[in-house]
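Structure data follow from model-v6.tsv (TSV, C-alpha atoms):
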chain	number	residue	atom	x	y	z
A	235	MET	CA	-90.18	-1.99	-54.35
A	236	LEU	CA	-93.99	-2.35	-54.39
A	237	PHE	CA	-95.07	-5.81	-55.56
A	238	PHE	CA	-98.85	-5.35	-55.34
A	239	GLN	CA	-101.55	-2.68	-55.28
A	240	ARG	CA	-104.48	-2.42	-52.88
A	241	VAL	CA	-108.00	-2.62	-54.33
A	242	TYR	CA	-110.51	-0.37	-52.56
A	243	PHE	CA	-114.30	-0.40	-52.44
A	244	LEU	CA	-116.02	2.39	-50.48
A	245	GLY	CA	-112.72	3.11	-48.81
A	246	ILE	CA	-112.20	-0.48	-47.65
A	247	VAL	CA	-109.36	-2.72	-48.84
A	248	ILE	CA	-111.01	-5.76	-50.44
A	249	GLY	CA	-107.99	-7.35	-52.15
A	250	TYR	CA	-104.73	-6.91	-54.00
A	251	ILE	CA	-103.59	-6.83	-57.61
A	252	MET	CA	-100.30	-8.62	-58.27
A	253	ASP	CA	-97.56	-6.44	-59.76
A	254	LYS	CA	-97.12	-7.33	-63.47
A	255	ASN	CA	-93.38	-7.82	-63.03
A	256	ILE	CA	-93.95	-10.42	-60.30
A	257	GLU	CA	-96.57	-12.15	-62.47
A	258	ASN	CA	-93.99	-12.50	-65.24
A	259	ILE	CA	-91.39	-13.84	-62.80
A	260	ILE	CA	-93.82	-16.44	-61.44
A	261	SER	CA	-94.69	-17.46	-65.00
A	262	ASN	CA	-90.98	-17.83	-65.81
A	263	PHE	CA	-90.54	-19.87	-62.62
A	264	PHE	CA	-93.10	-22.47	-63.70
A	265	ARG	CA	-91.77	-22.54	-67.27
A	266	ASN	CA	-88.23	-23.17	-65.91
A	267	ASN	CA	-87.05	-20.10	-67.80
A	268	ILE	CA	-86.11	-17.84	-64.93
A	269	SER	CA	-82.91	-15.83	-64.41
A	270	GLU	CA	-80.81	-15.69	-61.26
A	271	LYS	CA	-81.94	-12.09	-60.62
A	272	GLU	CA	-85.60	-13.08	-60.99
A	273	LEU	CA	-85.09	-16.01	-58.58
A	274	GLU	CA	-83.70	-13.63	-55.98
A	275	LEU	CA	-86.60	-11.21	-56.48
A	276	LEU	CA	-89.13	-14.03	-56.09
A	277	LEU	CA	-87.37	-15.31	-52.97
A	278	ASN	CA	-87.36	-11.87	-51.35
A	279	PHE	CA	-91.01	-11.48	-52.29
A	280	ILE	CA	-92.34	-14.70	-50.72
A	281	LEU	CA	-90.30	-14.31	-47.52
A	282	GLU	CA	-93.05	-12.03	-46.21
A	283	ASP	CA	-96.13	-13.99	-45.15
A	284	LYS	CA	-98.61	-11.63	-46.80
A	285	ASN	CA	-96.70	-11.88	-50.08
A	286	TYR	CA	-96.51	-15.65	-49.86
A	287	LYS	CA	-100.28	-15.80	-49.31
A	288	LEU	CA	-100.79	-13.64	-52.38
A	289	PHE	CA	-98.34	-15.79	-54.35
A	290	ASN	CA	-100.10	-18.98	-53.25
A	291	GLU	CA	-103.53	-17.66	-54.28
A	292	TYR	CA	-102.22	-16.48	-57.64
A	293	VAL	CA	-100.55	-19.84	-58.37
A	294	GLN	CA	-103.62	-21.87	-57.45
A	295	ILE	CA	-105.69	-19.83	-59.89
A	296	ASN	CA	-103.21	-19.79	-62.76
A	297	PHE	CA	-101.03	-22.89	-62.38
A	298	LEU	CA	-103.14	-25.42	-60.51
A	299	SER	CA	-103.11	-27.82	-63.46
A	300	ASN	CA	-99.36	-28.32	-63.37
A	301	PHE	CA	-98.40	-27.65	-59.76
A	302	HIS	CA	-100.25	-28.29	-56.49
A	303	MET	CA	-99.13	-25.35	-54.37
A	304	ASN	CA	-101.32	-26.49	-51.50
A	305	GLN	CA	-98.92	-29.46	-51.21
A	306	LEU	CA	-95.72	-27.37	-51.18
A	307	ASN	CA	-95.24	-25.38	-47.98
A	308	LYS	CA	-93.36	-22.11	-47.69
A	309	ALA	CA	-90.18	-23.68	-46.30
A	310	SER	CA	-89.98	-26.15	-49.19
A	311	LEU	CA	-90.48	-23.36	-51.72
A	312	ILE	CA	-87.74	-21.27	-50.09
A	313	ASN	CA	-85.38	-24.26	-50.17
A	314	ASP	CA	-86.20	-24.79	-53.85
A	315	LEU	CA	-85.52	-21.15	-54.71
A	316	GLU	CA	-82.27	-21.05	-52.72
A	317	SER	CA	-81.11	-24.25	-54.42
A	318	ARG	CA	-81.87	-22.80	-57.87
A	319	ILE	CA	-80.06	-19.56	-57.03
A	320	LYS	CA	-77.00	-21.47	-55.85
A	321	LYS	CA	-77.00	-23.57	-59.02
A	322	ALA	CA	-77.44	-20.48	-61.21
A	323	LYS	CA	-74.48	-18.75	-59.53
A	324	LYS	CA	-72.28	-21.79	-60.20
A	325	GLU	CA	-73.36	-21.91	-63.83
A	326	ASP	CA	-72.76	-18.17	-64.27
A	327	SER	CA	-69.31	-18.51	-62.75
A	328	PHE	CA	-68.49	-21.40	-65.07
A	329	ARG	CA	-69.80	-19.55	-68.14
A	330	LEU	CA	-67.70	-16.50	-67.23
A	331	PHE	CA	-64.64	-18.69	-66.78
A	332	ARG	CA	-65.25	-20.44	-70.10
A	333	LYS	CA	-65.85	-17.12	-71.89
A	334	ASN	CA	-62.62	-15.62	-70.55
A	335	PHE	CA	-60.72	-18.82	-71.20
A	336	LEU	CA	-61.85	-19.00	-74.80
A	337	ARG	CA	-61.07	-15.31	-75.31
A	338	VAL	CA	-57.51	-15.81	-74.07
A	339	ALA	CA	-57.18	-19.06	-76.05
A	340	ALA	CA	-58.24	-17.24	-79.22
A	341	VAL	CA	-55.52	-14.63	-78.69
A	342	LEU	CA	-52.91	-17.31	-78.07
A	343	ILE	CA	-53.99	-19.23	-81.15
A	344	GLY	CA	-53.59	-16.08	-83.20
A	345	ILE	CA	-50.07	-15.61	-81.86
A	346	ILE	CA	-48.54	-19.06	-81.91
A	347	GLY	CA	-50.86	-20.90	-84.30
A	348	LEU	CA	-53.19	-23.87	-84.06
A	349	ALA	CA	-50.36	-26.40	-84.16
A	350	TYR	CA	-49.43	-25.76	-80.52
A	351	TYR	CA	-52.87	-26.71	-79.25
A	352	SER	CA	-53.16	-29.86	-81.33
A	353	ASN	CA	-50.95	-31.64	-78.76
A	354	HIS	CA	-52.77	-30.42	-75.66
A	355	GLU	CA	-55.93	-31.69	-74.03
A	356	GLU	CA	-58.52	-29.23	-72.81
A	357	ILE	CA	-60.26	-30.32	-69.63
A	358	LEU	CA	-63.40	-28.67	-68.41
A	359	ILE	CA	-63.96	-29.65	-64.78
A	360	GLU	CA	-67.61	-30.03	-63.81
A	361	SER	CA	-69.22	-30.96	-60.53
A	362	LYS	CA	-70.66	-34.10	-62.16
A	363	ASN	CA	-67.22	-35.64	-62.80
A	364	ILE	CA	-65.09	-37.87	-60.60
A	365	ILE	CA	-62.01	-35.73	-59.99
A	366	LEU	CA	-58.53	-36.63	-58.77
A	367	THR	CA	-56.42	-33.79	-57.37
A	368	THR	CA	-52.66	-34.38	-57.33
A	369	SER	CA	-50.27	-33.16	-54.63
A	370	ASP	CA	-49.47	-30.06	-56.70
A	371	GLY	CA	-53.13	-29.19	-57.25
A	372	GLU	CA	-53.63	-30.48	-60.79
A	373	LYS	CA	-57.10	-31.88	-61.44
A	374	VAL	CA	-57.69	-34.97	-63.57
A	375	VAL	CA	-61.08	-36.32	-64.71
A	376	LEU	CA	-61.35	-40.03	-63.86
A	377	ASP	CA	-64.65	-40.88	-65.51
A	378	SER	CA	-63.74	-39.88	-69.06
A	379	LYS	CA	-65.30	-42.08	-71.74
A	380	GLN	CA	-63.29	-44.91	-73.25
A	381	ASN	CA	-61.92	-44.53	-76.76
A	382	LYS	CA	-62.91	-46.67	-79.74
A	383	ARG	CA	-60.38	-49.37	-78.75
A	384	GLY	CA	-62.00	-49.67	-75.31
A	385	GLU	CA	-59.04	-48.00	-73.59
A	386	SER	CA	-59.56	-45.69	-70.62
A	387	GLY	CA	-59.84	-41.99	-71.32
A	388	ILE	CA	-57.86	-41.10	-68.17
A	389	ASN	CA	-54.69	-39.12	-68.85
A	390	LEU	CA	-52.26	-41.28	-66.86
A	391	GLU	CA	-49.34	-38.95	-67.61
A	392	LYS	CA	-50.86	-36.36	-65.29
A	393	LEU	CA	-51.17	-38.79	-62.38
A	394	GLU	CA	-48.51	-39.26	-59.71
A	395	GLY	CA	-47.03	-42.62	-58.72
A	396	LEU	CA	-46.83	-45.94	-60.54
A	397	VAL	CA	-50.43	-46.16	-61.71
A	398	LYS	CA	-52.44	-47.88	-64.42
A	399	THR	CA	-56.09	-48.56	-65.19
A	400	ASP	CA	-57.73	-51.96	-64.97
A	401	ALA	CA	-61.45	-52.87	-65.17
A	402	LYS	CA	-62.65	-49.32	-64.59
A	403	ALA	CA	-60.37	-48.81	-61.62
A	404	LEU	CA	-57.11	-47.06	-60.81
A	405	VAL	CA	-54.35	-49.46	-59.77
A	406	TYR	CA	-51.32	-48.15	-57.89
A	407	ASN	CA	-48.06	-50.08	-57.54
A	408	LYS	CA	-45.54	-49.65	-54.77
A	409	ASP	CA	-42.64	-47.31	-55.55
A	410	ILE	CA	-39.69	-48.52	-53.45
A	411	ALA	CA	-37.64	-45.48	-54.46
A	412	GLN	CA	-40.14	-43.07	-52.92
A	413	GLN	CA	-38.86	-41.59	-49.66
A	414	SER	CA	-41.79	-39.35	-48.65
A	415	LEU	CA	-45.55	-39.68	-48.85
A	416	ILE	CA	-47.30	-38.11	-51.84
A	417	LYS	CA	-51.02	-37.73	-51.20
A	418	ASN	CA	-53.80	-37.41	-53.75
A	419	THR	CA	-57.53	-36.74	-53.32
A	420	ILE	CA	-60.42	-38.33	-55.20
A	421	LYS	CA	-63.88	-36.76	-55.07
A	422	VAL	CA	-66.88	-38.76	-56.24
A	423	PRO	CA	-70.09	-36.74	-56.84
A	424	TYR	CA	-73.60	-37.91	-56.08
A	425	GLY	CA	-74.85	-40.39	-58.65
A	426	LYS	CA	-71.48	-42.12	-59.20
A	427	LYS	CA	-69.08	-44.66	-57.65
A	428	PHE	CA	-65.38	-45.38	-58.08
A	429	LYS	CA	-62.89	-48.16	-57.35
A	430	LEU	CA	-59.15	-48.02	-56.78
A	431	ILE	CA	-56.44	-50.40	-55.61
A	432	LEU	CA	-53.81	-48.88	-53.35
A	433	SER	CA	-50.10	-49.60	-53.63
A	434	ASP	CA	-50.26	-52.31	-50.92
A	435	GLY	CA	-53.06	-54.19	-52.72
A	436	THR	CA	-55.90	-52.83	-50.58
A	437	ILE	CA	-59.13	-52.49	-52.60
A	438	VAL	CA	-61.28	-49.41	-51.98
A	439	HIS	CA	-64.81	-48.85	-53.31
A	440	LEU	CA	-65.97	-45.23	-53.02
A	441	ASN	CA	-69.70	-44.51	-52.89
A	442	SER	CA	-71.58	-41.45	-54.14
A	443	GLY	CA	-70.74	-38.12	-52.52
A	444	SER	CA	-67.39	-39.28	-51.10
A	445	SER	CA	-63.94	-37.75	-50.79
A	446	PHE	CA	-60.84	-39.92	-50.28
A	447	ILE	CA	-57.26	-38.84	-49.46
A	448	PHE	CA	-54.54	-41.46	-49.93
A	449	PRO	CA	-50.78	-41.85	-50.57
A	450	VAL	CA	-49.90	-42.90	-54.13
A	451	SER	CA	-47.38	-45.28	-52.54
A	452	PHE	CA	-47.10	-46.49	-48.95
A	453	ILE	CA	-43.65	-46.52	-47.31
A	454	GLU	CA	-42.29	-49.49	-45.40
A	455	GLY	CA	-42.29	-48.89	-41.65
A	456	VAL	CA	-44.86	-46.10	-41.84
A	457	ASP	CA	-48.52	-46.67	-40.95
A	458	ARG	CA	-50.81	-46.95	-43.94
A	459	GLU	CA	-53.19	-44.03	-43.37
A	460	VAL	CA	-56.09	-42.73	-45.49
A	461	TYR	CA	-58.89	-40.20	-44.94
A	462	VAL	CA	-62.57	-40.58	-45.86
A	463	SER	CA	-65.58	-38.30	-45.99
A	464	GLY	CA	-68.66	-40.10	-47.30
A	465	GLU	CA	-68.77	-43.88	-47.65
A	466	ALA	CA	-66.23	-46.50	-48.65
A	467	PHE	CA	-65.86	-50.27	-48.54
A	468	PHE	CA	-62.34	-51.54	-47.75
A	469	ASP	CA	-60.77	-54.91	-48.48
A	470	VAL	CA	-57.49	-54.31	-46.63
A	471	TYR	CA	-54.36	-56.24	-47.59
A	472	SER	CA	-52.99	-58.08	-44.56
A	473	ASP	CA	-49.72	-56.65	-43.20
A	474	SER	CA	-49.00	-57.29	-39.52
A	475	LEU	CA	-46.00	-54.93	-39.56
A	476	ASN	CA	-47.74	-51.89	-40.98
A	477	SER	CA	-51.19	-51.16	-39.58
A	478	PHE	CA	-53.90	-49.65	-41.79
A	479	LYS	CA	-55.80	-46.64	-40.42
A	480	VAL	CA	-58.90	-44.92	-41.77
A	481	HIS	CA	-59.48	-41.41	-40.45
A	482	SER	CA	-62.54	-39.19	-40.69
A	483	THR	CA	-64.03	-36.27	-38.84
A	484	GLY	CA	-64.32	-37.59	-35.30
A	485	SER	CA	-63.36	-41.24	-35.76
A	486	THR	CA	-60.49	-43.57	-36.58
A	487	VAL	CA	-60.44	-47.25	-37.52
A	488	GLU	CA	-57.28	-49.35	-37.17
A	489	VAL	CA	-56.92	-52.73	-38.91
A	490	TYR	CA	-54.28	-55.15	-40.19
A	491	GLY	CA	-56.24	-57.17	-42.74
A	492	THR	CA	-60.00	-57.14	-42.97
A	493	LYS	CA	-63.13	-56.18	-44.91
A	494	PHE	CA	-65.43	-53.44	-43.66
A	495	ASN	CA	-67.75	-50.61	-44.66
A	496	PHE	CA	-67.01	-47.11	-43.38
A	497	LYS	CA	-69.63	-44.35	-43.60
A	498	ASN	CA	-69.04	-40.79	-42.46
A	499	TYR	CA	-71.03	-38.17	-44.38
A	500	GLU	CA	-70.43	-34.81	-42.73
A	501	GLU	CA	-74.12	-33.89	-42.77
A	502	ASP	CA	-75.02	-37.06	-40.82
A	503	ASN	CA	-73.13	-36.11	-37.63
A	504	PHE	CA	-72.13	-39.74	-37.03
A	505	SER	CA	-69.79	-42.47	-38.28
A	506	GLU	CA	-70.89	-46.03	-38.99
A	507	ILE	CA	-68.55	-49.01	-39.35
A	508	ILE	CA	-69.80	-52.46	-40.39
A	509	LEU	CA	-67.32	-55.33	-40.21
A	510	THR	CA	-67.72	-58.29	-42.57
A	511	GLU	CA	-64.40	-60.13	-42.02
A	512	GLY	CA	-61.49	-59.99	-39.58
A	513	SER	CA	-61.36	-57.60	-36.64
A	514	LEU	CA	-60.68	-53.93	-36.12
A	515	GLY	CA	-60.55	-51.23	-33.49
A	516	VAL	CA	-62.82	-48.16	-33.52
A	517	LYS	CA	-62.04	-44.91	-31.73
A	518	ASN	CA	-63.96	-41.69	-31.17
A	519	THR	CA	-61.26	-39.07	-31.69
A	520	LEU	CA	-63.42	-36.13	-30.57
A	521	ASP	CA	-63.30	-37.20	-26.92
A	522	ASN	CA	-60.15	-39.36	-27.22
A	523	SER	CA	-62.04	-42.44	-26.00
A	524	LYS	CA	-60.60	-45.92	-25.73
A	525	VAL	CA	-60.42	-48.20	-28.74
A	526	VAL	CA	-63.43	-50.51	-29.06
A	527	VAL	CA	-62.74	-53.82	-30.83
A	528	ILE	CA	-65.57	-55.15	-33.02
A	529	LYS	CA	-66.17	-58.54	-34.63
A	530	PRO	CA	-67.69	-59.67	-37.95
A	531	GLY	CA	-71.39	-58.84	-38.07
A	532	ASP	CA	-70.97	-55.87	-35.71
A	533	LYS	CA	-72.04	-52.35	-36.47
A	534	ALA	CA	-70.26	-49.59	-34.56
A	535	THR	CA	-72.02	-46.23	-34.55
A	536	ILE	CA	-70.15	-43.19	-33.30
A	537	ASN	CA	-72.60	-40.45	-32.39
A	538	TYR	CA	-70.67	-37.19	-32.17
A	539	SER	CA	-73.33	-35.32	-30.21
A	540	GLN	CA	-73.45	-38.03	-27.53
A	541	GLY	CA	-69.74	-38.85	-27.66
A	542	LYS	CA	-70.10	-42.62	-27.39
A	543	ILE	CA	-69.74	-45.77	-29.50
A	544	GLU	CA	-72.79	-48.02	-29.81
A	545	LEU	CA	-72.46	-51.67	-30.92
A	546	SER	CA	-75.15	-53.82	-32.48
A	547	LYS	CA	-75.44	-57.03	-34.53
A	548	VAL	CA	-76.64	-56.53	-38.11
A	549	ASN	CA	-77.08	-58.25	-41.45
A	550	THR	CA	-73.98	-56.84	-43.15
A	551	VAL	CA	-75.40	-57.38	-46.66
A	552	LEU	CA	-77.88	-54.56	-46.06
A	553	TYR	CA	-74.99	-52.14	-45.61
A	554	THR	CA	-72.53	-53.39	-48.21
A	555	SER	CA	-74.70	-54.40	-51.17
A	556	TRP	CA	-74.11	-50.98	-52.81
A	557	VAL	CA	-70.65	-52.22	-53.81
A	558	ASN	CA	-72.31	-54.71	-56.17
A	559	GLY	CA	-74.84	-52.23	-57.54
A	560	ARG	CA	-77.76	-53.00	-55.22
A	561	ILE	CA	-79.52	-50.99	-52.56
A	562	ILE	CA	-81.58	-52.91	-50.02
A	563	PHE	CA	-84.21	-51.39	-47.74
A	564	ARG	CA	-85.49	-53.49	-44.85
A	565	ASN	CA	-87.90	-51.78	-42.46
A	566	GLU	CA	-86.34	-48.48	-43.55
A	567	ASN	CA	-88.03	-45.25	-42.53
A	568	ILE	CA	-88.86	-42.81	-45.31
A	569	ASN	CA	-86.28	-40.18	-44.33
A	570	ASN	CA	-83.37	-42.63	-44.41
A	571	MET	CA	-84.59	-43.99	-47.74
A	572	ILE	CA	-84.83	-40.48	-49.20
A	573	THR	CA	-81.28	-39.62	-48.09
A	574	LYS	CA	-79.87	-42.75	-49.75
A	575	LEU	CA	-81.80	-42.23	-52.98
A	576	GLU	CA	-80.68	-38.59	-53.17
A	577	ARG	CA	-77.03	-39.63	-52.97
A	578	ILE	CA	-77.28	-42.56	-55.36
A	579	TYR	CA	-79.30	-40.80	-58.08
A	580	ASP	CA	-78.13	-37.20	-57.52
A	581	VAL	CA	-81.64	-35.81	-57.00
A	582	ILE	CA	-83.45	-33.75	-54.39
A	583	ILE	CA	-86.53	-35.32	-52.78
A	584	ILE	CA	-89.01	-33.22	-50.80
A	585	ASN	CA	-91.51	-35.17	-48.70
A	586	ASN	CA	-94.71	-33.26	-47.99
A	587	ASN	CA	-96.66	-36.36	-46.93
A	588	VAL	CA	-96.41	-36.64	-43.14
A	589	GLU	CA	-98.26	-39.96	-43.24
A	590	LEU	CA	-95.22	-41.54	-44.92
A	591	ASN	CA	-93.21	-40.88	-41.77
A	592	LYS	CA	-95.18	-43.68	-40.14
A	593	MET	CA	-94.29	-46.20	-42.85
A	594	PHE	CA	-91.33	-48.58	-43.15
A	595	ILE	CA	-90.07	-49.51	-46.60
A	596	ASN	CA	-88.99	-52.94	-47.84
A	597	ALA	CA	-87.45	-53.01	-51.31
A	598	THR	CA	-84.36	-53.93	-53.36
A	599	PHE	CA	-83.18	-51.93	-56.37
A	600	LEU	CA	-80.46	-52.62	-58.92
A	601	THR	CA	-79.00	-49.13	-59.06
A	602	GLU	CA	-76.88	-49.74	-62.16
A	603	ASN	CA	-79.90	-50.92	-64.19
A	604	GLU	CA	-82.85	-49.15	-62.60
A	605	SER	CA	-83.30	-45.39	-62.85
A	606	ILE	CA	-84.89	-43.13	-60.25
A	607	ASP	CA	-88.04	-43.27	-62.40
A	608	ASP	CA	-88.11	-47.05	-62.00
A	609	VAL	CA	-87.71	-46.69	-58.24
A	610	LEU	CA	-90.53	-44.14	-58.01
A	611	GLU	CA	-92.89	-46.24	-60.13
A	612	TYR	CA	-92.28	-49.21	-57.83
A	613	LEU	CA	-93.06	-47.07	-54.77
A	614	VAL	CA	-96.22	-45.81	-56.47
A	615	LYS	CA	-97.35	-49.36	-57.14
A	616	ILE	CA	-96.51	-50.86	-53.75
A	617	TYR	CA	-96.88	-47.91	-51.38
A	618	ASN	CA	-99.35	-45.74	-53.34
A	619	LEU	CA	-96.89	-42.88	-53.52
A	620	ASP	CA	-97.94	-39.64	-55.25
A	621	TYR	CA	-95.19	-37.44	-56.63
A	622	GLN	CA	-94.25	-34.75	-59.14
A	623	ILE	CA	-90.91	-34.03	-60.80
A	624	MET	CA	-89.49	-30.53	-61.30
A	625	ASN	CA	-86.03	-30.55	-62.88
A	626	ASN	CA	-84.03	-32.83	-60.58
A	627	LYS	CA	-86.43	-32.30	-57.67
A	628	ILE	CA	-88.99	-34.91	-56.71
A	629	ILE	CA	-91.91	-33.65	-54.63
A	630	ILE	CA	-93.88	-36.29	-52.74
A	631	ASN	CA	-97.47	-35.17	-52.15
Represent the supplied structure as structure tokens.
Amino acid sequence: MLFFQRVYFLGIVIGYIMDKNIENIISNFFRNNISEKELELLLNFILEDKNYKLFNEYVQINFLSNFHMNQLNKASLINDLESRIKKAKKEDSFRLFRKNFLRVAAVLIGIIGLAYYSNHEEILIESKNIILTTSDGEKVVLDSKQNKRGESGINLEKLEGLVKTDAKALVYNKDIAQQSLIKNTIKVPYGKKFKLILSDGTIVHLNSGSSFIFPVSFIEGVDREVYVSGEAFFDVYSDSLNSFKVHSTGSTVEVYGTKFNFKNYEEDNFSEIILTEGSLGVKNTLDNSKVVVIKPGDKATINYSQGKIELSKVNTVLYTSWVNGRIIFRNENINNMITKLERIYDVIIINNNVELNKMFINATFLTENESIDDVLEYLVKIYNLDYQIMNNKIIIN
């Protein structure tokens, strides 16, 4: 497909005229009214350097007032387009599912009447919800709104084990009649947190973007084992007869009764354990290394690429304050700060200011009371930050 035409003068090419179809697509792009097909066409177009140059010139002439293209490089634009395409595909898939579901539901209603459905709850699972998946694959929304009496909106009948809700948390009780382990999975999306109390009394706080696999009831004589991807703070109930183990990709922590923070986001390529009370053993399971015992105030970092465990003394509050709704930056480089803000506020931040890479940030934010806008305004005031917002993307100029 030809996206531009050559302009000749005396047989010499002096410029190009943008294809009208591409002009319309670019216009739709900046008005946030662009289809998935148009996104793919625009992406294919700007992949070629000569097309990107033409695109850049066209945008600077026609859209300079609302978008500084000279501050957004080609790689950032490609990432933005790919992200939009991925999101559009998910939305299209969901709309198709909903359309088909409603079509089938309408047929069923016509056959058996509305009375049947009056006793059933329809659940639409979205990526923005905290979801629990039972052992048989049923999905339950855990962050449903409370009813008028202040009671939790969680459908407890669909959950496994002896469970109840208390102070915005799931509380599991031990089932002595249970003979085999029944494991559930909780997934917490970016922008949210969740708390649960396991059947032994262990308290678990799950941070944004985390996945947690756990038994609905521990069994006497069997190690208490859970699996984490993301970040969690544990207040482990003391039991000298049944050790408590936290597993993740490449690392394992073994404790008996202690408080610690465990971080293992898959995209980070490392695990980080910060101990606040008690003692625990850390092991790199990728190379089957020896267990390293750490003490309160220690940070153990397991770097998977290097295959070793590094120990250092830290101020534990800096790593655990998220549990109480605070995020503290002390001499934090901009890239680490961006990663944390993206997870907490469920946004995408693109930094096009290389000078910021030389800076170290000091700040404290109350994440449950302060929005991402509040955070950005603070950074503008203190660090003279310049940014623009496009949908859920923040572009730092």
Could you check how far CA of Thr419 (chain A) sits from CA of Thr368 (chain A), in Å to one decimal?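 Separation of CA of Thr419 (chain A) and CA of Thr368 (chain A): 6.7 Å.
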So which one's closest to Ile568 (chain A), A:Ile630, A:Asp580, A:Asp502, A:Leu509? Using all atoms listed in the file, please.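 For Ile568 (chain A), the nearest of the given residues is A:Ile630.
You will find CA of Gly455 (chain A) at 26.6 Å from CA of Leu366 (chain A).
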Please return the centre and edge lengths, in Å to one decimal, of a box with edges along x, y and z that contains all listed atoms of region 389-405 of chain A, widened by 3 Å on every side, as JSON.
{"center_x": -54.7, "center_y": -44.6, "center_z": -63.8, "size_x": 21.8, "size_y": 22.5, "size_z": 16.1}
When you draw a straight line from CA of Lys421 (chain A) to CA of Asn549 (chain A), how long is it in Å?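 Separation of CA of Lys421 (chain A) and CA of Asn549 (chain A): 28.7 Å.
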Which residues are near region 259-271 of chain A? Cut-off 8 Å, all atoms listed in the file, ignore same chain within fewer than 5 positions. Put them as a list in words.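 So, after excluding close chain neighbours, the residues are Leu276, Arg318, Ile319, Ala322 and Lys323 of chain A.
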Of the candidates A:Ile364, A:Val375, A:Ile536, A:Val450, which one gets nearest to Phe428 (chain A) if we count all atoms listed in the file?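 Ranked by minimum distance to Phe428 (chain A), first place goes to A:Ile364.
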Between A:Thr436, A:Asn441, A:Ser451, A:Ser555, which has the minimum distance to Gln412 (chain A) (counting all atoms listed in the file)? A:Ser451
